[in-house]
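Engineer: Just so it is clear, I am handing over start.cif, which has mmCIF, C-alpha atoms.
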data_query
#
loop_
_atom_site.label_atom_id
_atom_site.label_comp_id
_atom_site.auth_asym_id
_atom_site.auth_seq_id
_atom_site.Cartn_x
_atom_site.Cartn_y
_atom_site.Cartn_z
CA MET O 248 106.23 192.43 323.59
CA ALA O 249 108.91 189.76 323.45
CA GLU O 250 111.12 189.48 326.50
CA ASP O 251 114.33 189.96 324.58
CA SER O 252 113.28 193.36 323.30
CA VAL O 253 113.56 194.78 326.84
CA LYS O 254 116.74 194.36 328.83
CA LEU O 255 117.64 195.89 332.20
CA LEU O 256 121.26 196.21 333.26
CA GLY O 257 121.25 196.55 337.03
CA TYR O 258 122.80 195.77 340.37
CA TRP O 259 121.01 193.75 343.01
CA ALA O 260 121.69 196.20 345.87
CA SER O 261 121.00 199.40 343.95
CA PRO O 262 117.79 201.29 344.72
CA TYR O 263 118.04 202.96 341.31
CA SER O 264 117.94 199.56 339.64
CA LEU O 265 115.05 198.62 341.90
CA LYS O 266 112.93 201.60 340.83
CA VAL O 267 113.06 200.41 337.23
CA LYS O 268 112.20 196.83 338.24
CA TRP O 269 109.17 198.14 340.13
CA ALA O 270 107.98 200.16 337.13
CA LEU O 271 108.40 197.22 334.75
CA LYS O 272 106.60 194.91 337.16
CA LEU O 273 103.77 197.39 337.75
CA LYS O 274 103.12 197.55 334.03
CA GLY O 275 103.56 193.81 333.50
CA ILE O 276 106.46 194.24 331.10
CA GLN O 277 108.59 191.17 330.46
CA TYR O 278 112.30 191.81 330.38
CA GLN O 279 115.69 190.21 330.55
CA TYR O 280 117.71 191.17 333.62
CA VAL O 281 121.50 191.47 333.46
CA GLU O 282 123.36 191.70 336.76
CA GLU O 283 126.40 193.96 336.47
CA ASP O 284 129.55 193.56 338.52
CA LEU O 285 130.20 197.18 339.46
CA LYS O 286 133.87 196.48 340.14
CA ASN O 287 134.20 195.06 336.63
CA LYS O 288 131.66 196.77 334.40
CA SER O 289 130.76 194.98 331.20
CA PRO O 290 131.76 196.44 327.81
CA MET O 291 128.03 196.44 327.07
CA LEU O 292 127.32 198.81 329.98
CA LEU O 293 130.21 201.10 329.06
CA GLN O 294 128.99 201.21 325.48
CA TYR O 295 125.36 201.83 326.47
CA ASN O 296 126.14 204.54 329.03
CA PRO O 297 129.39 206.18 327.96
CA VAL O 298 128.73 209.44 329.81
CA TYR O 299 128.12 208.06 333.32
CA LYS O 300 129.08 204.36 332.95
CA LYS O 301 126.39 203.53 335.55
CA ILE O 302 123.45 201.25 336.05
CA PRO O 303 120.53 201.12 335.61
CA VAL O 304 120.38 201.08 331.84
CA LEU O 305 117.22 200.00 330.08
CA VAL O 306 117.69 198.69 326.56
CA HIS O 307 114.56 198.62 324.45
CA ASP O 308 114.79 197.35 320.87
CA ASP O 309 118.57 197.84 321.10
CA LYS O 310 118.23 201.50 322.15
CA PRO O 311 119.81 202.27 325.52
CA LEU O 312 118.34 204.61 328.11
CA ALA O 313 120.07 205.77 331.28
CA GLU O 314 119.13 207.53 334.54
CA SER O 315 116.40 205.88 336.60
CA LEU O 316 113.81 208.69 336.61
CA ILE O 317 114.22 209.21 332.89
CA ILE O 318 113.77 205.49 332.35
CA LEU O 319 110.58 205.67 334.42
CA GLU O 320 109.20 208.47 332.23
CA TYR O 321 110.12 206.48 329.12
CA ILE O 322 108.41 203.36 330.41
CA ASP O 323 105.33 205.44 331.21
CA GLU O 324 105.23 206.88 327.69
CA VAL O 325 105.72 203.62 325.85
CA TRP O 326 103.51 201.33 327.97
CA LYS O 327 100.28 203.15 328.82
CA GLN O 328 98.75 200.63 331.23
CA ASN O 329 98.89 201.43 334.98
CA PRO O 330 100.14 204.99 334.44
CA LEU O 331 102.82 206.30 336.76
CA LEU O 332 102.41 210.01 336.15
CA PRO O 333 99.03 211.76 336.48
CA ILE O 334 97.28 213.21 333.43
CA ASP O 335 96.93 216.81 334.56
CA PRO O 336 100.05 218.86 333.59
CA HIS O 337 100.18 220.69 336.91
CA GLU O 338 99.93 217.42 338.85
CA ARG O 339 102.66 215.97 336.62
CA ALA O 340 104.87 218.97 337.41
CA LYS O 341 104.26 218.40 341.13
CA ALA O 342 105.17 214.72 340.78
CA ARG O 343 108.40 215.62 338.96
CA PHE O 344 109.11 218.24 341.62
CA TRP O 345 108.85 215.76 344.51
CA ALA O 346 110.82 213.04 342.74
CA LYS O 347 113.57 215.61 342.11
CA PHE O 348 113.39 216.84 345.70
CA ALA O 349 113.79 213.32 347.06
CA ASP O 350 116.79 212.68 344.80
CA ASP O 351 118.48 216.09 345.19
CA LYS O 352 117.78 216.84 348.85
CA CYS O 353 116.82 213.71 350.81
CA VAL O 354 119.22 211.18 349.32
CA PRO O 355 122.48 213.18 349.58
CA ALA O 356 121.70 214.04 353.21
CA LEU O 357 121.07 210.36 353.97
CA VAL O 358 124.28 209.36 352.21
CA ALA O 359 126.19 211.97 354.24
CA ALA O 360 124.58 210.77 357.49
CA PHE O 361 125.75 207.27 356.56
CA SER O 362 129.28 208.13 355.52
CA LYS O 363 130.36 211.02 357.77
CA LYS O 364 131.34 211.19 361.41
CA GLY O 365 131.10 213.67 364.29
CA GLU O 366 129.80 217.17 363.61
CA GLU O 367 129.48 216.58 359.88
CA GLN O 368 127.27 213.58 360.57
CA GLU O 369 125.17 215.56 363.06
CA ARG O 370 124.59 218.26 360.44
CA ALA O 371 123.72 215.63 357.82
CA VAL O 372 121.25 213.91 360.15
CA LYS O 373 119.56 217.24 360.89
CA GLU O 374 119.36 218.04 357.18
CA ALA O 375 118.03 214.57 356.34
CA ARG O 376 115.28 214.87 358.94
CA GLU O 377 114.34 218.37 357.77
CA ASN O 378 114.18 217.33 354.14
CA LEU O 379 112.21 214.18 354.94
CA LYS O 380 109.73 216.36 356.80
CA ILE O 381 109.41 218.58 353.73
CA LEU O 382 108.94 215.48 351.55
CA GLU O 383 106.09 214.51 353.86
CA SER O 384 104.29 217.75 352.96
CA GLY O 385 104.27 216.56 349.35
CA LEU O 386 101.98 213.71 350.34
CA GLU O 387 99.27 216.31 351.03
CA GLY O 388 97.68 213.93 353.50
CA LYS O 389 97.23 211.19 350.89
CA ARG O 390 98.13 207.57 351.50
CA PHE O 391 100.52 207.50 348.55
CA PHE O 392 101.91 210.29 346.39
CA GLY O 393 99.90 208.72 343.58
CA GLY O 394 96.69 208.92 345.65
CA GLU O 395 95.02 205.65 346.57
CA THR O 396 97.47 203.71 344.43
CA ILE O 397 101.20 204.16 343.88
CA GLY O 398 102.58 206.37 341.16
CA PHE O 399 105.73 208.06 339.94
CA VAL O 400 106.92 209.61 343.19
CA ASP O 401 106.17 206.49 345.23
CA ILE O 402 108.36 204.43 342.92
CA ALA O 403 110.98 207.19 342.70
CA ALA O 404 111.30 207.70 346.46
CA GLY O 405 109.65 204.81 348.32
CA TRP O 406 112.93 202.89 348.57
CA ILE O 407 114.28 205.60 350.88
CA GLY O 408 112.25 204.16 353.77
CA CYS O 409 114.07 200.83 353.62
CA TRP O 410 117.55 202.29 353.12
CA ALA O 411 117.00 204.90 355.84
CA GLN O 412 116.01 202.12 358.26
CA MET O 413 119.24 200.23 357.52
CA THR O 414 121.24 203.42 357.92
CA GLU O 415 119.58 204.00 361.31
CA GLU O 416 120.58 200.52 362.39
CA ILE O 417 124.17 200.96 361.27
CA ILE O 418 124.83 204.49 362.55
CA GLY O 419 122.60 204.18 365.61
CA ILE O 420 120.73 207.43 364.95
CA LYS O 421 117.00 207.76 364.22
CA LEU O 422 116.23 209.39 360.86
CA ILE O 423 112.55 208.68 360.23
CA ASP O 424 110.75 209.72 363.33
CA ALA O 425 107.22 208.28 363.54
CA GLU O 426 106.31 211.04 366.00
CA THR O 427 107.44 214.04 364.03
CA MET O 428 106.73 212.58 360.58
CA PRO O 429 103.82 210.18 361.08
CA LEU O 430 102.48 210.43 357.51
CA LEU O 431 105.85 209.80 355.95
CA ASP O 432 106.45 206.87 358.28
CA SER O 433 103.07 205.31 357.35
CA TRP O 434 103.75 205.94 353.69
CA PHE O 435 107.07 204.11 353.77
CA GLN O 436 105.50 201.20 355.62
CA ASP O 437 102.46 200.98 353.35
CA PHE O 438 104.61 201.25 350.24
CA LEU O 439 107.01 198.51 351.26
CA GLU O 440 104.07 196.20 352.09
CA ILE O 441 102.65 196.30 348.57
CA PRO O 442 103.14 192.77 347.14
CA LEU O 443 104.84 193.72 343.87
CA ILE O 444 107.10 196.15 345.71
CA LYS O 445 107.99 193.57 348.34
CA GLU O 446 108.60 190.83 345.75
CA CYS O 447 111.28 192.85 343.96
CA MET O 448 113.19 193.87 347.10
CA PRO O 449 116.60 192.28 347.52
CA PRO O 450 116.82 189.94 350.55
CA GLN O 451 116.95 192.21 353.60
CA ASP O 452 119.70 190.36 355.48
CA LYS O 453 121.96 190.33 352.42
CA LEU O 454 121.26 194.02 351.83
CA LEU O 455 122.04 194.92 355.43
CA GLU O 456 125.34 193.03 355.22
CA HIS O 457 126.14 194.85 352.00
CA CYS O 458 125.43 198.23 353.60
CA LYS O 459 127.50 197.33 356.66
CA GLU O 460 130.41 196.41 354.38
CA SER O 461 130.10 199.75 352.57
CA HIS O 462 130.01 201.54 355.90
CA LYS O 463 133.30 200.01 357.00
CA LYS O 464 135.00 201.76 354.07
CA PHE O 465 134.17 205.09 355.67
CA MET A 262 93.60 228.54 328.25
CA GLY A 263 92.96 232.25 328.65
CA GLU A 264 94.22 232.09 332.22
CA GLU A 265 96.88 234.45 333.42
CA VAL A 266 100.54 233.45 333.20
CA ILE A 267 102.94 235.11 335.63
CA LEU A 268 106.69 234.53 335.79
CA HIS A 269 108.69 235.44 338.89
CA GLY A 270 112.33 235.79 337.87
CA THR A 271 115.49 237.85 337.95
CA TRP A 272 117.07 239.49 334.91
CA ALA A 273 120.53 238.00 335.34
CA SER A 274 119.47 234.44 336.10
CA PRO A 275 120.02 231.81 333.40
CA PHE A 276 117.24 229.76 335.01
CA SER A 277 114.81 232.62 334.68
CA CYS A 278 115.89 233.08 331.05
CA ARG A 279 115.16 229.44 330.27
CA VAL A 280 111.50 230.02 331.05
CA ILE A 281 111.38 233.32 329.15
CA TRP A 282 112.86 231.64 326.09
CA ALA A 283 110.30 228.82 326.23
CA LEU A 284 107.36 231.20 326.67
CA LYS A 285 108.56 233.45 323.84
CA LEU A 286 109.28 230.54 321.49
CA LYS A 287 105.71 229.39 321.99
CA GLY A 288 104.25 232.87 321.77
CA ILE A 289 102.68 232.73 325.23
CA PRO A 290 101.84 236.13 326.71
CA TYR A 291 102.87 236.50 330.33
CA GLU A 292 103.36 239.01 333.08
CA TYR A 293 106.93 239.24 334.34
CA ILE A 294 107.76 240.06 337.95
CA GLU A 295 111.37 240.97 338.67
CA GLU A 296 112.22 239.66 342.14
CA ASP A 297 114.68 241.29 344.51
CA LEU A 298 116.42 238.24 345.94
CA SER A 299 117.46 240.16 349.05
CA ASN A 300 113.80 240.98 349.66
CA LYS A 301 111.70 238.21 348.18
CA SER A 302 108.06 238.96 347.55
CA SER A 303 105.43 237.30 349.72
CA GLN A 304 103.95 235.78 346.53
CA LEU A 305 107.25 234.10 345.70
CA LEU A 306 107.56 232.67 349.21
CA GLN A 307 103.97 231.49 349.08
CA HIS A 308 104.34 229.91 345.63
CA ASN A 309 107.67 228.24 346.34
CA PRO A 310 107.75 227.51 350.06
CA VAL A 311 110.16 224.59 349.66
CA HIS A 312 113.03 226.30 347.85
CA LYS A 313 112.03 230.00 348.00
CA LYS A 314 113.73 230.47 344.63
CA ILE A 315 113.04 231.85 341.19
CA PRO A 316 111.92 231.05 338.60
CA VAL A 317 108.32 230.30 339.51
CA LEU A 318 105.60 230.12 336.89
CA VAL A 319 102.06 230.82 338.08
CA HIS A 320 99.34 229.77 335.66
CA GLY A 321 95.69 230.19 336.57
CA GLY A 322 96.80 230.67 340.17
CA LYS A 323 98.77 227.40 340.32
CA ALA A 324 102.52 227.57 340.83
CA THR A 325 105.18 225.43 339.17
CA CYS A 326 108.78 225.55 340.38
CA GLU A 327 112.20 224.43 339.08
CA SER A 328 113.06 225.78 335.63
CA MET A 329 113.25 222.49 333.71
CA ILE A 330 110.06 221.19 335.36
CA ILE A 331 108.42 224.48 334.34
CA LEU A 332 109.58 223.87 330.78
CA GLU A 333 108.01 220.40 330.70
CA TYR A 334 104.80 221.96 332.05
CA VAL A 335 104.85 224.70 329.42
CA GLU A 336 105.47 222.07 326.74
CA GLU A 337 102.43 220.07 327.88
CA MET A 338 100.10 223.05 328.25
CA TRP A 339 101.09 224.74 325.00
CA PRO A 340 102.16 222.12 322.45
CA GLN A 341 102.81 224.59 319.58
CA ASN A 342 106.45 224.98 318.51
CA PRO A 343 107.41 221.84 320.44
CA LEU A 344 110.57 221.86 322.52
CA LEU A 345 110.66 218.09 323.03
CA PRO A 346 110.73 215.47 320.28
CA THR A 347 107.70 213.17 319.87
CA ASP A 348 109.58 209.86 319.81
CA PRO A 349 109.86 208.44 323.38
CA CYS A 350 113.48 207.37 322.87
CA GLU A 351 114.50 210.82 321.65
CA ARG A 352 112.57 212.37 324.53
CA ALA A 353 114.50 210.18 326.95
CA ASP A 354 117.73 211.29 325.30
CA ALA A 355 116.71 214.96 325.66
CA ARG A 356 115.83 214.42 329.33
CA PHE A 357 119.19 212.71 329.84
CA TRP A 358 120.98 215.86 328.69
CA ILE A 359 118.68 218.05 330.78
CA LYS A 360 119.63 216.02 333.85
CA PHE A 361 123.27 216.23 332.85
CA ALA A 362 123.01 220.01 332.53
CA GLU A 363 121.35 220.22 335.98
CA GLU A 364 123.90 217.96 337.63
CA LYS A 365 127.08 219.27 336.06
CA GLY A 366 126.15 222.91 335.40
CA PRO A 367 126.67 224.04 339.02
CA ALA A 368 130.42 223.43 338.64
CA MET A 369 130.81 226.57 336.53
CA TRP A 370 129.11 228.55 339.27
CA THR A 371 131.50 227.09 341.80
CA VAL A 372 134.37 228.38 339.61
CA TYR A 373 132.70 231.78 339.86
CA ARG A 374 132.00 231.71 343.59
CA THR A 375 135.27 230.30 344.95
CA SER A 376 139.01 230.58 344.83
CA GLY A 377 142.06 228.42 345.49
CA GLU A 378 141.74 224.65 345.67
CA GLU A 379 137.96 224.63 345.59
CA GLN A 380 138.01 226.67 342.41
CA GLU A 381 140.65 224.44 340.83
CA LYS A 382 138.48 221.39 341.39
CA ALA A 383 135.47 223.23 339.96
CA VAL A 384 137.51 224.16 336.88
CA LYS A 385 138.33 220.47 336.38
CA ASP A 386 134.66 219.50 336.81
CA THR A 387 133.52 222.15 334.35
CA LEU A 388 136.03 220.99 331.75
CA GLU A 389 134.84 217.42 332.24
CA MET A 390 131.28 218.55 331.63
CA LEU A 391 132.25 220.42 328.47
CA ARG A 392 134.23 217.43 327.19
CA ALA A 393 131.26 215.09 327.66
CA ILE A 394 128.94 217.45 325.82
CA GLU A 395 131.47 217.92 323.03
CA ALA A 396 132.03 214.19 322.64
CA HIS A 397 128.48 212.91 323.00
CA GLY A 398 125.90 215.68 322.85
CA LEU A 399 126.39 217.53 319.61
CA VAL A 400 127.59 214.89 317.17
CA ASP A 401 126.42 215.81 313.63
CA LYS A 402 123.91 218.32 314.96
CA LYS A 403 123.63 222.07 314.58
CA TYR A 404 121.60 222.33 317.77
CA PHE A 405 120.97 219.81 320.53
CA GLY A 406 117.42 219.77 319.21
CA GLY A 407 118.58 218.96 315.67
CA ASP A 408 117.78 221.52 312.98
CA LYS A 409 116.16 223.90 315.40
CA ILE A 410 116.60 224.61 319.07
CA GLY A 411 114.79 222.52 321.64
CA ILE A 412 114.62 221.96 325.35
CA VAL A 413 118.24 220.81 325.63
CA ASP A 414 119.56 223.91 323.90
CA ILE A 415 117.58 225.94 326.41
CA ALA A 416 118.95 223.84 329.28
CA PHE A 417 122.53 224.50 328.15
CA GLY A 418 121.86 228.19 327.52
CA GLN A 419 124.07 229.21 330.43
CA ILE A 420 127.09 227.92 328.53
CA ALA A 421 126.29 230.32 325.69
CA GLN A 422 126.58 233.54 327.69
CA TRP A 423 127.04 233.06 331.42
CA LEU A 424 130.11 230.85 331.08
CA GLY A 425 131.87 233.53 329.04
CA VAL A 426 131.10 236.13 331.69
CA ILE A 427 132.44 233.83 334.41
CA GLU A 428 135.60 233.18 332.37
CA ASP A 429 136.23 236.92 331.94
CA ILE A 430 135.66 237.73 335.60
CA VAL A 431 137.68 234.85 337.00
CA GLY A 432 140.37 235.10 334.32
CA VAL A 433 140.30 231.44 333.30
CA LYS A 434 139.53 230.35 329.75
CA LEU A 435 137.58 227.09 329.87
CA LEU A 436 135.82 226.79 326.55
CA GLU A 437 138.62 227.19 324.04
CA ALA A 438 137.37 227.11 320.46
CA HIS A 439 140.03 224.71 319.18
CA LYS A 440 139.39 222.24 322.01
CA PHE A 441 135.60 222.44 321.78
CA PRO A 442 134.79 223.15 318.12
CA ARG A 443 131.24 221.74 318.25
CA LEU A 444 130.29 223.66 321.39
CA HIS A 445 131.91 226.80 320.04
CA ALA A 446 129.85 226.55 316.86
CA TRP A 447 126.72 225.78 318.86
CA ILE A 448 127.15 228.90 321.01
CA LYS A 449 127.37 231.06 317.91
CA ASN A 450 124.32 229.41 316.32
CA PHE A 451 122.29 229.48 319.53
CA LYS A 452 122.88 233.16 320.14
CA GLU A 453 121.84 233.98 316.58
CA VAL A 454 118.36 232.47 317.00
CA PRO A 455 116.17 235.62 317.00
CA ILE A 456 114.18 234.82 320.18
CA ILE A 457 117.41 234.01 322.04
CA LYS A 458 119.26 237.05 320.68
CA GLU A 459 116.41 239.34 321.73
CA ASN A 460 116.16 237.78 325.19
CA LEU A 461 119.70 237.48 326.44
CA PRO A 462 120.59 239.82 329.28
CA ASP A 463 123.01 242.56 328.24
CA ARG A 464 126.56 241.23 328.53
CA ASP A 465 128.06 244.47 329.85
CA GLU A 466 125.40 244.72 332.51
CA MET A 467 126.04 241.08 333.40
CA MET A 468 129.77 241.77 333.78
CA VAL A 469 129.11 244.63 336.19
CA PHE A 470 126.55 242.66 338.17
CA PHE A 471 128.45 239.40 338.46
CA LYS A 472 131.79 241.10 339.11
CA HIS A 473 130.32 243.07 342.00
CA PHE A 474 128.50 240.03 343.40
CA ARG A 475 131.67 237.93 343.28
CA GLU A 476 133.61 240.58 345.16
CA MET A 477 130.96 240.55 347.87
CA LEU A 478 131.02 236.74 348.06
CA LEU A 479 134.79 236.50 348.34
CA THR A 480 134.97 239.32 350.90
CA SER A 481 132.32 237.75 353.09
CA SER A 482 133.96 234.32 352.90
CA ARG A 483 137.29 235.89 353.91
CA ASP A 484 135.66 237.68 356.83
CA SER A 485 133.68 234.68 358.09
#
In structure tokens, write the structure found in this file.

Structural biologist:
Amino acid sequence: MAEDSVKLLGYWASPYSLKVKWALKLKGIQYQYVEEDLKNKSPMLLQYNPVYKKIPVLVHDDKPLAESLIILEYIDEVWKQNPLLPIDPHERAKARFWAKFADDKCVPALVAAFSKKGEEQERAVKEARENLKILESGLEGKRFFGGETIGFVDIAAGWIGCWAQMTEEIIGIKLIDAETMPLLDSWFQDFLEIPLIKECMPPQDKLLEHCKESHKKF
Amino acid sequence: MGEEVILHGTWASPFSCRVIWALKLKGIPYEYIEEDLSNKSSQLLQHNPVHKKIPVLVHGGKATCESMIILEYVEEMWPQNPLLPTDPCERADARFWIKFAEEKGPAMWTVYRTSGEEQEKAVKDTLEMLRAIEAHGLVDKKYFGGDKIGIVDIAFGQIAQWLGVIEDIVGVKLLEAHKFPRLHAWIKNFKEVPIIKENLPDRDEMMVFFKHFREMLLTSSRDS
């Protein structure tokens, strides 16, 4: 498939953008990457995602798709190699469940831990830890959510390990506790060590600076 | 596929109804268990330990949770009378609106549950949601699914009946016909679909139930 038939509008520091890059890379799909300036969004982005006006947007044969997890499902349906979702419908439902849990429960708590202060921050940290512990149960003792190799949930939620680590550094509070959540901790580490995952990651020092800058705004 | 299908739900829940509509549209026989949310069954807690919520679908002993995830499961297990389109791009578009419904839908429940400033904000959010659907979701279509209802119509089902109940109880008109002509027409069409018509909770009973529940909520928040 020609490179210009697949275009990804993204932002270098966005984990949502990153998820799509990982999926495209995993399946060996060539694409054109367009870096968006989020303070000055392109007319193209606004036209392609009029409802949310956000990245990432995948454009395939001039048809735009928005929302990272939906883009992942689309990629999985169109390009069948290296499947992200399992075949069994119940296993697929479980994968969707955990990806949703990570997005709905883990991420907001982490964001709150990052952006709040005092008691509100304490509550957010507690909630983040609790929800991360629950996410760990979804691993069911496996190395990755996808089993021996990464799949849908790994790509959907694996980035949390890196961002949580940066948050810990900035706010000075531990979120991922290797003692109380050993499997989750190993999973994050193993995931981030995978070559194709590592290759797509934005430079860590630049990312940390970016997060520190964002933190100052709070 | 002769394995038992059990649905744990509650009569007044739009999320529960979503699953009922999907099962009925596909002609899937199932056993229904009405849960008492103040005294949840041990099966419910065992099947949904993470959220402890309805609906939960149990098929051949395996539980699936979260209404829209249940619907995707039902669609995959029983492909007759499909709820999702076959084209991947159209499927992505349907899933986009499902996500939108999940993300923005709670605002109408915040209108119901709160008062004062919090409610005012929720009213604004709900109107924003309705405007987006009106502008982008129903252009040149009778249903979100096209000529017949699909998964997105089911996802937005709460707008068809529950929103009206909330408006009546709270005394705020949100979905005015002249401001939302497409949505207004959709509600009428959606509620006329036989399976939907036969499986909507009784509106009078809903009024009594939700009115009483709101009074309890507001009293307890005043006392706390």

Engineer: Starting from the PyMOL selection byres ((chain O and resi 286) around 12), expand the selection into actual residues of this file and give them as a list in words.

Structural biologist: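 Against this file, the PyMOL selection byres ((chain O and resi 286) around 12) returns the residues Tyr258, Glu283, Asp284, Leu285, Asn287, Lys288, Ser289, Lys300 and Lys301 of chain O.
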
Engineer: Just the number, please: distance in Å from CA of Gln277 (chain O) to CA of Glu320 (chain O), one decimal.

Structural biologist: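 Going from CA of Gln277 (chain O) over to CA of Glu320 (chain O), I get 17.4 Å.
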
Engineer: Using only C-alpha atoms, find each residue in chain A having at least one atom no more than 7 Å away from chain O; report its shortest atom-to-atom pair and that distance in Å (one decimal), rows by chain then rising number, as a tab-separated table.

Structural biologist:
residue	atom	partner	partner_atom	distance
A:Thr325	CA	O:Ala340	CA	6.7
A:Ile330	CA	O:Ala340	CA	6.0
A:Tyr334	CA	O:Pro336	CA	5.9
A:Glu337	CA	O:Pro336	CA	6.3
A:Met338	CA	O:Pro336	CA	6.8
A:Pro349	CA	O:Tyr321	CA	6.1
A:Ala353	CA	O:Ile317	CA	6.0
A:Arg356	CA	O:Ile317	CA	6.5
A:Phe357	CA	O:Ile317	CA	6.8
A:Ala393	CA	O:Val298	CA	6.6

Engineer: Counting only C-alpha atoms, what is within 7 Å of Ile315 (chain A), bar same-chain residues fewer than 2 positions away, as a ChimeraX atom specification?

Structural biologist: /A:269-270,277,317

Engineer: Given the file above and the PyMOL selection byres ((chain O and resi 441) around 12), which residues are selected, and can you give them as a list in words?

Structural biologist: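 In the shown coordinates, the PyMOL selection byres ((chain O and resi 441) around 12) covers Trp269, Leu273, Phe391, Thr396, Ile397, Asp401, Ile402, Gly405, Trp434, Phe435, Gln436, Asp437, Phe438, Leu439, Glu440, Pro442, Leu443, Ile444, Lys445, Glu446, Cys447 and Met448 of chain O.
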
Engineer: Kindly indicate which residue among O:His462, O:Lys266, O:His457, O:Lys380 lies nearest to Val358 (chain O), using only C-alpha atoms for the distances.

Structural biologist: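 Among O:His462, O:Lys266, O:His457, O:Lys380, it is O:His462 that comes nearest to Val358 (chain O).
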
Engineer: Measuring atom to atom with all atoms listed in the file, identify which of O:Asp432, O:Asp350, O:Glu416, O:Asp309 is nearest to Lys360 (chain A).

Structural biologist: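 Of the candidates, the smallest distance to Lys360 (chain A) is held by O:Asp350.
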
Engineer: Would you translate the PyMOL selection byres ((chain A and resi 449) around 12) into the concrete set of residues it matches in this file, as a list in words?

Structural biologist: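 Residues picked by the PyMOL selection byres ((chain A and resi 449) around 12): Lys403, Tyr404, Gly418, Ile420, Ala421, Gln422, Ala438, Pro442, Arg443, Leu444, His445, Ala446, Trp447, Ile448, Asn450, Phe451, Lys452, Glu453, Val454, Ile457 and Lys458 of chain A.
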
Engineer: Distance CA of Asn329 (chain O)-CA of Ala403 (chain O), one decimal place?

Structural biologist: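 Computed distance, CA of Asn329 (chain O) to CA of Ala403 (chain O), equals 15.5 Å.
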
Engineer: Restricting the calculation to all atoms listed in the file: of O:Phe465, O:Tyr280, O:Phe392, O:Trp410, which residue gets closest to Ile302 (chain O)?

Structural biologist: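 Closest to Ile302 (chain O), using all atoms listed in the file: O:Tyr280.
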
Engineer: So what do you get for CA of Lys459 (chain O) versus CA of Leu422 (chain O), distance-wise?

Structural biologist: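 Distance reported for this atom pair: 17.0 Å.
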
Engineer: Let me make sure I understand: among O:Pro449, O:Gln294, O:Val354, O:Gln368, which one has the smallest atom-to-atom distance to Ser264 (chain O) if we use all atoms listed in the file?

Structural biologist: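 Under the stated criterion, the closest residue is O:Pro449.
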
Engineer: Name the residues in contact with region 470-484 of chain A at a cut-off of 10 Å, using all atoms listed in the file, excluding same-chain residues fewer than 3 positions from it; report them as a PDB file with C-alpha atoms, in the frame of the given file.

Structural biologist:
ATOM      1  CA  ALA A 273     120.530 238.000 335.340  1.00  0.00           C
ATOM      2  CA  TYR A 373     132.700 231.780 339.860  1.00  0.00           C
ATOM      3  CA  ARG A 374     132.000 231.710 343.590  1.00  0.00           C
ATOM      4  CA  THR A 375     135.270 230.300 344.950  1.00  0.00           C
ATOM      5  CA  SER A 376     139.010 230.580 344.830  1.00  0.00           C
ATOM      6  CA  TRP A 423     127.040 233.060 331.420  1.00  0.00           C
ATOM      7  CA  VAL A 426     131.100 236.130 331.690  1.00  0.00           C
ATOM      8  CA  ILE A 427     132.440 233.830 334.410  1.00  0.00           C
ATOM      9  CA  ASP A 429     136.230 236.920 331.940  1.00  0.00           C
ATOM     10  CA  ILE A 430     135.660 237.730 335.600  1.00  0.00           C
ATOM     11  CA  VAL A 431     137.680 234.850 337.000  1.00  0.00           C
ATOM     12  CA  ARG A 464     126.560 241.230 328.530  1.00  0.00           C
ATOM     13  CA  ASP A 465     128.060 244.470 329.850  1.00  0.00           C
ATOM     14  CA  GLU A 466     125.400 244.720 332.510  1.00  0.00           C
ATOM     15  CA  MET A 467     126.040 241.080 333.400  1.00  0.00           C
TER      16      MET A 467
END
